[in-house]
>>> print(open('target-v7.cif').read())   # mmCIF, C-alpha atoms
data_target
loop_
_atom_site.label_atom_id
_atom_site.label_comp_id
_atom_site.auth_asym_id
_atom_site.auth_seq_id
_atom_site.Cartn_x
_atom_site.Cartn_y
_atom_site.Cartn_z
CA MET Q 1 0.00 0.00 0.00
CA THR Q 2 1.51 3.31 -1.07
CA ASP Q 3 1.35 6.56 0.83
CA SER Q 4 -1.74 8.63 0.26
CA PRO Q 5 -1.09 11.62 -2.05
CA THR Q 6 -3.30 13.75 0.21
CA LYS Q 7 -1.70 12.70 3.46
CA ARG Q 8 -2.47 15.19 6.24
CA ASP Q 9 -0.55 16.07 9.38
CA PHE Q 10 -2.23 15.87 12.77
CA SER Q 11 -2.66 19.17 14.57
CA LYS Q 12 -0.33 20.00 17.45
CA ALA Q 13 -2.77 18.91 20.17
CA ILE Q 14 -3.03 15.32 18.93
CA SER Q 15 0.17 14.79 16.96
CA ASP Q 16 2.30 13.28 19.74
CA THR Q 17 -0.10 10.44 20.47
CA ASN Q 18 -0.11 9.30 16.84
CA LYS Q 19 3.41 9.94 15.57
CA VAL Q 20 4.75 6.49 16.28
CA PHE Q 21 2.01 4.95 14.13
CA LEU Q 22 2.82 7.02 11.05
CA ASN Q 23 4.77 5.64 8.13
CA GLU Q 24 7.64 8.11 8.42
CA ASN Q 25 8.56 6.53 11.77
CA ASN Q 26 9.07 3.10 10.24
CA ALA Q 27 12.70 3.61 9.31
CA GLU Q 28 14.99 1.09 10.95
CA GLN Q 29 16.49 2.24 14.23
CA GLN Q 30 19.56 0.90 15.95
CA LEU Q 31 18.76 -1.66 18.63
CA VAL Q 32 19.23 -0.31 22.15
CA LYS Q 33 20.63 -2.92 24.54
CA VAL Q 34 19.95 -2.65 28.26
CA GLY Q 35 21.36 -4.77 31.07
CA PHE Q 36 19.81 -5.08 34.55
CA ILE Q 37 22.02 -6.19 37.45
CA LEU Q 38 19.80 -7.70 40.12
CA GLN Q 39 21.14 -7.41 43.65
CA LYS Q 40 19.82 -9.73 46.34
CA ASN Q 41 16.49 -8.36 47.66
CA PHE Q 42 16.14 -5.99 44.68
CA SER Q 43 12.82 -4.18 44.32
CA MET Q 44 10.68 -6.31 42.02
CA VAL Q 45 8.18 -3.52 41.30
CA ALA Q 46 10.89 -0.99 40.39
CA PHE Q 47 12.64 -3.51 38.15
CA THR Q 48 9.48 -4.63 36.35
CA GLY Q 49 8.38 -1.02 35.88
CA ALA Q 50 11.61 -0.24 34.04
CA VAL Q 51 11.48 -3.42 31.96
CA ASP Q 52 7.82 -2.87 31.10
CA VAL Q 53 8.76 0.40 29.39
CA LEU Q 54 11.10 -1.47 27.04
CA VAL Q 55 8.64 -4.29 26.36
CA THR Q 56 5.77 -1.89 25.71
CA ALA Q 57 7.90 0.25 23.38
CA ASN Q 58 8.61 -2.85 21.31
CA LEU Q 59 4.89 -3.62 21.16
CA VAL Q 60 3.78 -0.21 19.91
CA LEU Q 61 6.64 0.38 17.47
CA PRO Q 62 7.55 -1.37 14.21
CA GLY Q 63 10.34 -3.87 14.70
CA GLN Q 64 12.34 -4.50 17.86
CA ARG Q 65 13.88 -1.30 19.18
CA PHE Q 66 15.02 -2.49 22.62
CA ASP Q 67 16.60 -5.63 24.00
CA TYR Q 68 17.39 -6.37 27.63
CA MET Q 69 19.22 -8.93 29.72
CA THR Q 70 19.19 -9.73 33.43
CA LEU Q 71 22.34 -10.48 35.43
CA GLY Q 72 23.12 -11.73 38.90
CA ILE Q 73 26.30 -10.88 40.76
CA ASP Q 74 27.37 -14.20 42.25
CA SER Q 75 24.62 -16.46 40.93
CA ARG Q 76 22.09 -16.71 38.11
CA MET Q 77 19.34 -17.15 40.72
CA VAL Q 78 18.52 -13.95 42.62
CA THR Q 79 15.90 -13.49 45.35
CA SER Q 80 13.76 -10.36 45.04
CA ASP Q 81 12.31 -8.30 47.89
CA LEU Q 82 9.10 -10.30 47.49
CA GLY Q 83 10.91 -13.54 48.25
CA ILE Q 84 10.51 -14.67 44.64
CA ASP Q 85 13.58 -16.25 43.06
CA ILE Q 86 14.38 -14.86 39.62
CA ALA Q 87 16.53 -16.79 37.13
CA THR Q 88 18.77 -14.31 35.32
CA GLY Q 89 20.28 -14.71 31.88
CA GLY Q 90 23.80 -14.73 33.30
CA THR Q 91 26.11 -13.16 35.85
CA ILE Q 92 28.15 -9.97 35.66
CA GLU Q 93 31.25 -12.06 34.97
CA THR Q 94 29.68 -13.07 31.65
CA LEU Q 95 28.47 -9.56 30.79
CA PRO Q 96 29.50 -8.76 27.19
CA ILE Q 97 31.20 -5.40 27.74
CA GLN Q 98 34.57 -6.19 26.26
CA HIS Q 99 33.79 -4.02 23.24
CA ARG Q 100 31.80 -0.88 22.53
CA ASN Q 101 28.23 -1.18 21.23
CA GLU Q 102 27.63 -4.50 22.98
CA LEU Q 103 25.62 -2.72 25.69
CA ASP Q 104 24.15 0.78 25.80
CA ILE Q 105 22.68 1.08 29.31
CA LEU Q 106 23.52 -0.84 32.49
CA VAL Q 107 21.09 -0.56 35.41
CA VAL Q 108 21.85 -1.60 39.01
CA CYS Q 109 18.61 -2.66 40.67
CA GLY Q 110 18.49 -1.92 44.38
CA GLY Q 111 15.84 -2.38 47.03
CA PHE Q 112 14.87 -1.64 50.62
CA ARG Q 113 16.85 -4.59 52.03
CA CYS Q 114 19.78 -4.62 49.61
CA SER Q 115 23.23 -4.66 51.15
CA LEU Q 116 24.89 -1.26 51.29
CA ALA Q 117 28.40 -2.71 51.56
CA PRO Q 118 30.79 -2.51 48.59
CA ASN Q 119 31.05 -5.56 46.34
CA ALA Q 120 34.36 -6.07 44.55
CA LYS Q 121 32.85 -7.94 41.57
CA LEU Q 122 30.19 -5.31 41.06
CA THR Q 123 32.70 -2.47 41.36
CA THR Q 124 34.95 -4.05 38.73
CA CYS Q 125 32.01 -4.55 36.38
CA LEU Q 126 30.73 -0.98 36.73
CA ARG Q 127 34.18 0.56 36.20
CA ALA Q 128 34.69 -1.52 33.06
CA ALA Q 129 31.31 -0.42 31.73
CA ASP Q 130 32.10 3.21 32.48
CA LYS Q 131 35.37 3.03 30.53
CA LEU Q 132 33.41 1.92 27.48
CA GLY Q 133 31.03 4.87 27.76
CA ILE Q 134 28.01 2.81 28.75
CA THR Q 135 25.27 4.79 30.48
CA LEU Q 136 25.04 3.67 34.12
CA ALA Q 137 21.80 3.81 36.10
CA GLY Q 138 20.49 2.89 39.53
CA LEU Q 139 17.01 1.93 40.75
CA TRP Q 140 15.93 2.59 44.37
CA ASN Q 141 19.38 2.70 46.00
CA GLY Q 142 21.26 1.41 42.98
CA ALA Q 143 23.29 4.63 43.09
CA ILE Q 144 25.20 3.27 46.09
CA PRO Q 145 27.21 0.65 44.14
CA LEU Q 146 27.97 3.35 41.57
CA ALA Q 147 29.28 5.57 44.37
CA HIS Q 148 31.32 2.70 45.85
CA ALA Q 149 32.93 2.32 42.42
CA GLY Q 150 33.89 6.00 42.48
CA LEU Q 151 31.59 6.80 39.57
CA MET Q 152 29.36 9.42 41.22
CA THR Q 153 32.00 11.90 42.38
CA GLN Q 154 30.75 15.49 42.03
CA GLN Q 155 27.58 14.20 40.43
CA ALA Q 156 23.98 14.46 41.59
CA CYS Q 157 21.99 11.31 42.19
CA ALA Q 158 18.61 10.15 43.43
CA ALA Q 159 18.11 7.40 46.01
CA HIS Q 160 15.43 6.15 48.36
CA PRO Q 161 15.05 8.63 51.27
CA ASP Q 162 16.02 5.95 53.79
CA ASN Q 163 19.49 5.89 52.23
CA HIS Q 164 20.14 9.64 52.08
CA ALA Q 165 21.86 9.84 55.46
CA TYR Q 166 24.11 6.87 54.65
CA MET Q 167 25.09 8.28 51.28
CA ARG Q 168 25.86 11.76 52.61
CA GLU Q 169 28.03 10.25 55.32
CA GLN Q 170 29.85 7.74 53.12
CA PHE Q 171 30.11 9.74 49.90
CA PRO Q 172 30.56 13.44 50.76
CA ASN Q 173 31.62 14.20 47.18
CA THR Q 174 28.35 12.86 45.76
CA LYS Q 175 25.40 15.25 45.61
CA VAL Q 176 22.40 13.39 47.00
CA SER Q 177 19.30 15.02 45.55
CA ASP Q 178 15.91 15.37 47.21
CA LYS Q 179 14.35 14.70 43.80
CA THR Q 180 13.14 11.19 43.03
CA LEU Q 181 14.78 11.17 39.60
CA VAL Q 182 18.07 12.59 38.35
CA ILE Q 183 19.26 12.26 34.76
CA GLY Q 184 22.81 13.34 33.98
CA GLU Q 185 25.40 12.71 31.32
CA LYS Q 186 25.91 8.95 31.20
CA ARG Q 187 24.17 8.61 34.59
CA ALA Q 188 20.56 8.10 35.65
CA THR Q 189 19.25 7.36 39.14
CA CYS Q 190 15.84 7.12 40.75
CA ALA Q 191 14.35 6.54 44.19
CA GLY Q 192 11.49 4.09 43.73
CA PRO Q 193 9.01 2.28 41.47
CA VAL Q 194 7.20 5.26 39.91
CA SER Q 195 10.42 7.12 39.21
CA ALA Q 196 11.95 3.90 37.80
CA LEU Q 197 9.34 3.95 35.06
CA GLU Q 198 9.93 7.65 34.46
CA MET Q 199 13.68 7.16 34.38
CA MET Q 200 13.44 4.51 31.70
CA LEU Q 201 11.06 6.66 29.66
CA LYS Q 202 13.62 9.48 29.68
CA LEU Q 203 16.47 7.13 28.78
CA ILE Q 204 14.65 5.71 25.79
CA ALA Q 205 13.69 9.24 24.71
CA GLN Q 206 17.40 10.12 24.66
CA ARG Q 207 18.09 7.14 22.42
CA GLN Q 208 15.10 7.08 20.11
CA GLY Q 209 13.18 10.30 20.54
CA ASN Q 210 10.24 11.71 22.45
CA ASP Q 211 7.61 10.31 20.09
CA ILE Q 212 8.04 6.88 21.65
CA VAL Q 213 7.50 8.20 25.16
CA ARG Q 214 3.98 9.49 24.50
CA ALA Q 215 2.75 6.16 23.19
CA VAL Q 216 4.30 4.16 26.04
CA ARG Q 217 3.18 6.62 28.71
CA GLU Q 218 -0.44 6.40 27.56
CA ILE Q 219 -0.35 2.67 28.21
CA LEU Q 220 1.70 2.47 31.41
CA SER Q 221 1.28 5.80 33.21
CA CYS Q 222 -2.42 6.58 32.97
CA ASP Q 223 -2.83 6.47 36.75
CA GLN Q 224 0.59 7.63 37.88
CA VAL Q 225 1.49 10.93 39.51
CA ALA Q 226 4.08 13.10 37.85
CA GLU Q 227 7.14 14.56 39.56
CA ASN Q 228 5.38 17.91 40.00
CA GLN Q 229 2.44 16.18 41.72
CA GLU Q 230 0.07 17.01 38.88
CA SER Q 231 -1.83 14.19 37.28
CA ILE Q 232 -0.43 12.99 33.99
CA PRO Q 233 -3.08 13.70 31.31
CA LEU Q 234 -5.48 10.79 30.89
CA GLN Q 235 -6.87 11.93 27.57
CA VAL Q 236 -5.53 13.37 24.35
CA GLY Q 237 -5.01 17.12 24.66
CA ASP Q 238 -5.70 17.38 28.39
CA ASN Q 239 -4.03 20.44 29.85
CA PRO Q 240 -4.95 21.91 33.24
CA THR Q 241 -3.84 25.35 32.08
CA PHE Q 242 -6.53 25.54 29.41
CA PRO Q 243 -9.64 27.64 30.14
CA GLU Q 244 -12.45 25.66 31.73
CA THR Q 245 -14.74 26.43 28.79
CA LEU Q 246 -12.30 24.90 26.33
CA ARG Q 247 -11.73 21.84 28.50
CA ASN Q 248 -15.49 21.32 28.82
CA ILE Q 249 -15.87 21.36 25.05
CA MET Q 250 -13.05 18.83 24.72
CA VAL Q 251 -14.78 16.57 27.26
CA LEU Q 252 -18.01 16.83 25.27
CA MET Q 253 -16.17 15.80 22.13
CA ARG Q 254 -14.56 12.82 23.84
CA ASN Q 255 -17.91 11.72 25.25
CA ASN Q 256 -19.63 11.95 21.89
CA ILE Q 257 -17.41 10.01 19.52
CA GLU Q 258 -19.97 7.54 18.18
CA GLU Q 259 -22.59 10.23 17.49
CA PRO Q 260 -20.65 13.47 16.99
CA LEU Q 261 -22.31 16.71 17.93
CA SER Q 262 -22.42 19.58 15.47
CA LEU Q 263 -20.36 22.67 16.22
CA GLU Q 264 -23.57 24.55 16.97
CA GLU Q 265 -24.64 21.86 19.46
CA LEU Q 266 -21.26 21.97 21.16
CA ALA Q 267 -21.42 25.74 21.49
CA ASP Q 268 -24.98 25.63 22.80
CA CYS Q 269 -24.08 23.05 25.46
CA ILE Q 270 -21.37 25.34 26.84
CA ASP Q 271 -23.43 28.48 26.29
CA ILE Q 272 -20.99 30.29 24.03
CA SER Q 273 -21.13 31.29 20.39
CA ARG Q 274 -19.59 29.19 17.65
CA ARG Q 275 -17.19 32.04 16.91
CA GLN Q 276 -16.03 32.15 20.54
CA MET Q 277 -15.44 28.41 20.44
CA GLU Q 278 -13.40 28.71 17.25
CA ARG Q 279 -11.25 31.44 18.79
CA LEU Q 280 -10.55 29.26 21.85
CA PHE Q 281 -9.38 26.34 19.72
CA GLN Q 282 -7.24 28.54 17.52
CA SER Q 283 -5.66 30.36 20.47
CA TYR Q 284 -4.83 27.30 22.60
CA LEU Q 285 -4.71 24.35 20.19
CA GLU Q 286 -3.78 26.11 16.95
CA THR Q 287 -6.51 24.32 15.05
CA SER Q 288 -10.23 24.50 14.40
CA PRO Q 289 -12.88 22.68 16.48
CA SER Q 290 -13.98 20.60 13.49
CA ARG Q 291 -10.44 19.45 12.71
CA TYR Q 292 -9.71 18.64 16.35
CA TYR Q 293 -12.96 16.64 16.59
CA LEU Q 294 -12.14 14.68 13.43
CA GLU Q 295 -8.61 13.90 14.62
CA LEU Q 296 -9.96 12.82 18.00
CA ARG Q 297 -12.27 10.36 16.24
CA ILE Q 298 -9.49 9.14 13.93
CA THR Q 299 -7.23 8.56 16.94
CA HIS Q 300 -9.99 6.62 18.70
CA ALA Q 301 -10.48 4.60 15.53
CA ARG Q 302 -6.78 3.78 15.37
CA ARG Q 303 -6.91 2.38 18.89
CA LEU Q 304 -9.99 0.26 18.18
CA LEU Q 305 -8.57 -0.93 14.89
CA LEU Q 306 -5.24 -2.07 16.33
CA GLN Q 307 -6.43 -3.25 19.73
CA SER Q 308 -9.58 -5.17 18.86
CA ASN Q 309 -10.93 -7.62 16.31
CA GLU Q 310 -13.94 -5.49 15.44
CA SER Q 311 -14.67 -5.22 11.74
CA ILE Q 312 -13.65 -2.04 9.94
CA THR Q 313 -17.32 -1.28 9.45
CA ASN Q 314 -17.99 -1.49 13.20
CA VAL Q 315 -14.94 0.63 13.98
CA SER Q 316 -16.18 3.18 11.48
CA LEU Q 317 -19.62 3.34 13.09
CA ALA Q 318 -18.16 3.46 16.63
CA CYS Q 319 -16.18 6.56 15.65
CA GLY Q 320 -19.07 8.46 14.07
CA PHE Q 321 -18.32 8.07 10.37
CA VAL Q 322 -21.29 8.02 8.02
CA SER Q 323 -19.76 5.39 5.76
CA THR Q 324 -16.87 2.94 5.69
CA SER Q 325 -15.46 4.57 2.57
CA HIS Q 326 -15.42 7.99 4.26
CA PHE Q 327 -13.69 6.49 7.28
CA SER Q 328 -11.11 4.69 5.12
CA ASN Q 329 -10.33 7.86 3.18
CA CYS Q 330 -9.91 9.92 6.36
CA PHE Q 331 -7.77 7.25 8.00
CA LYS Q 332 -5.54 6.99 4.94
CA ASP Q 333 -5.26 10.77 4.72
CA TYR Q 334 -3.68 10.86 8.19
CA PHE Q 335 -1.85 7.54 8.54
CA GLY Q 336 -0.80 7.04 4.93
CA LEU Q 337 -2.37 3.61 4.58
CA SER Q 338 -5.84 2.11 4.70
CA PRO Q 339 -7.40 0.68 7.89
CA SER Q 340 -7.07 -2.87 6.57
CA ALA Q 341 -3.40 -2.32 5.69
CA ALA Q 342 -2.74 -0.80 9.11
CA ARG Q 343 -4.26 -3.84 10.81
CA GLN Q 344 -2.27 -6.24 8.65
CA LYS Q 345 0.91 -4.37 9.45
CA GLN Q 346 0.17 -4.51 13.18
CA ASN Q 347 -0.35 -8.28 13.01
CA SER Q 348 2.63 -9.06 10.79
#
>>> encode(input="target-v7.cif", output="structure tokens")
Amino acid sequence: MTDSPTKRDFSKAISDTNKVFLNENNAEQQLVKVGFILQKNFSMVAFTGAVDVLVTANLVLPGQRFDYMTLGIDSRMVTSDLGIDIATGGTIETLPIQHRNELDILVVCGGFRCSLAPNAKLTTCLRAADKLGITLAGLWNGAIPLAHAGLMTQQACAAHPDNHAYMREQFPNTKVSDKTLVIGEKRATCAGPVSALEMMLKLIAQRQGNDIVRAVREILSCDQVAENQESIPLQVGDNPTFPETLRNIMVLMRNNIEEPLSLEELADCIDISRRQMERLFQSYLETSPSRYYLELRITHARRLLLQSNESITNVSLACGFVSTSHFSNCFKDYFGLSPSAARQKQNS
């Protein structure tokens, strides 16, 4: 299926959530390789949060963009903080870091009951990785082994609050931050499960762009709390800084996908004129209400099409299109391929 000659760009308010599904993002990307060193009593929830970002990114993007491996320190069997034994793919002695490009990111997974004492094997491994320019990261209190290896001198880091006093006493040349997440050059540290997910999102954005982050965040972070304590938007275009009138119109649109309201009906429901509504959309979203509404429905259709087995006809009706042909033309205008081709591509 060739690109549509009339292919349209999504408006600014909805573009981020759809970019990874557009044809221009299908160019091959270099595989990013991530290693996770599991310490005894590592935090299972922090570890799985970070891994889930990589797995989900591979699911929503064409091809495999990320690969990961798990490593023990002294054994291939490591007990998590939940008392569950995890079989790793190897130990740090078998970690393939003899040459550049064999690993991009190495993450030390800590936990509430992890030992804070230095470990000679782990120190040797981390120093070798640092010499090769591998990005080093720490989950929970994973910054402590990095500090023991002398790799956090004069650098800021995040760690679980229970470990702040220890770190400030033992590593006076390391800047222990009160933030739950710190990203620096070739370093990334976080303090717990929520920030572990955020840390990995930022690391993959550095490697493969911000477009990926929006798609993954929609799936994994819909009920999380952001660093600034504001809720992460649950819906396309949500922005707490928008005027209440505009946000109410956007809610009406989202709640009336299957049977779209006319612009006059939308304006009447909010008790403003159509012209006032158009000015609001242009001022804050840089688009018209009709275009935003159409793109909202097309985005909803894309989700239904790729996440369900509903027929294209049913997807069309569920998104308020008067005919399947009209829906197919609109879909192709934005995504560059027909609904049936998009579904085939997703399943290939």
>>> resolve_selection(input="target-v7.cif", expression="the PyMOL selection byres ((chain Q and resi 304) around 12)", output="ChimeraX atom specification")
/Q:297-303,305-319,339,342-343
>>> residues_around(input="target-v7.cif", residues="region 27-43 of chain Q", least_positions_apart="6", cutoff="7 Å", atoms="all atoms listed in the file", output="ChimeraX atom specification")
/Q:65-73,78-81,103-111,113-114
>>> residues_around(input="target-v7.cif", residues="Leu201 (chain Q)", least_positions_apart="2", cutoff="10 Å", atoms="only C-alpha atoms", output="PyMOL selection string")
chain Q and resi 50+53-54+57+195-199+203-206+210+212-214+216-217
>>> atom_distance(input="target-v7.cif", atom1="CA of Ile144 (chain Q)", atom2="CA of Lys131 (chain Q)")
18.6 Å
>>> residues_near_point(input="target-v7.cif", point="(-4.1, 14.5, 16.3)", cutoff="7 Å", atoms="all atoms listed in the file", output="list in words")
Phe10, Ser11, Lys12, Ala13, Ile14, Ser15, Asn18, Tyr292, Glu295, Leu296 and Thr299 of chain Q
>>> build_atoms(input="target-v7.cif", residues="region 156-172 of chain Q", atoms="N, CA and C atoms", output="short mmCIF file (atom, residue, chain, number, x, y, z; two decimals), keeping the file's coordinate frame")
data_model
loop_
_atom_site.label_atom_id
_atom_site.label_comp_id
_atom_site.auth_asym_id
_atom_site.auth_seq_id
_atom_site.Cartn_x
_atom_site.Cartn_y
_atom_site.Cartn_z
N ALA Q 156 25.24 14.57 40.84
CA ALA Q 156 23.98 14.46 41.59
C ALA Q 156 23.36 13.10 41.35
N CYS Q 157 22.66 12.60 42.35
CA CYS Q 157 21.99 11.31 42.19
C CYS Q 157 20.73 11.28 43.04
N ALA Q 158 19.83 10.39 42.66
CA ALA Q 158 18.61 10.15 43.43
C ALA Q 158 18.73 8.79 44.10
N ALA Q 159 18.13 8.67 45.28
CA ALA Q 159 18.11 7.40 46.01
C ALA Q 159 16.91 7.41 46.94
N HIS Q 160 16.54 6.24 47.41
CA HIS Q 160 15.43 6.15 48.36
C HIS Q 160 15.76 7.00 49.59
N PRO Q 161 14.78 7.75 50.12
CA PRO Q 161 15.05 8.63 51.27
C PRO Q 161 15.71 7.94 52.45
N ASP Q 162 15.41 6.66 52.67
CA ASP Q 162 16.02 5.95 53.79
C ASP Q 162 17.53 5.83 53.66
N ASN Q 163 18.05 6.03 52.46
CA ASN Q 163 19.49 5.89 52.23
C ASN Q 163 20.22 7.22 52.11
N HIS Q 164 19.50 8.34 52.24
CA HIS Q 164 20.14 9.64 52.08
C HIS Q 164 21.22 9.88 53.14
N ALA Q 165 20.89 9.58 54.38
CA ALA Q 165 21.86 9.84 55.46
C ALA Q 165 23.13 9.02 55.25
N TYR Q 166 22.95 7.75 54.90
CA TYR Q 166 24.11 6.87 54.65
C TYR Q 166 24.97 7.42 53.51
N MET Q 167 24.33 7.82 52.43
CA MET Q 167 25.09 8.28 51.28
C MET Q 167 25.84 9.59 51.59
N ARG Q 168 25.19 10.49 52.30
CA ARG Q 168 25.86 11.76 52.61
C ARG Q 168 27.03 11.56 53.55
N GLU Q 169 26.93 10.55 54.40
CA GLU Q 169 28.03 10.25 55.32
C GLU Q 169 29.17 9.54 54.60
N GLN Q 170 28.84 8.57 53.76
CA GLN Q 170 29.85 7.74 53.12
C GLN Q 170 30.44 8.37 51.85
N PHE Q 171 29.66 9.19 51.18
CA PHE Q 171 30.11 9.74 49.90
C PHE Q 171 29.93 11.26 49.89
N PRO Q 172 30.72 11.99 50.64
CA PRO Q 172 30.56 13.44 50.76
C PRO Q 172 30.74 14.18 49.44
#
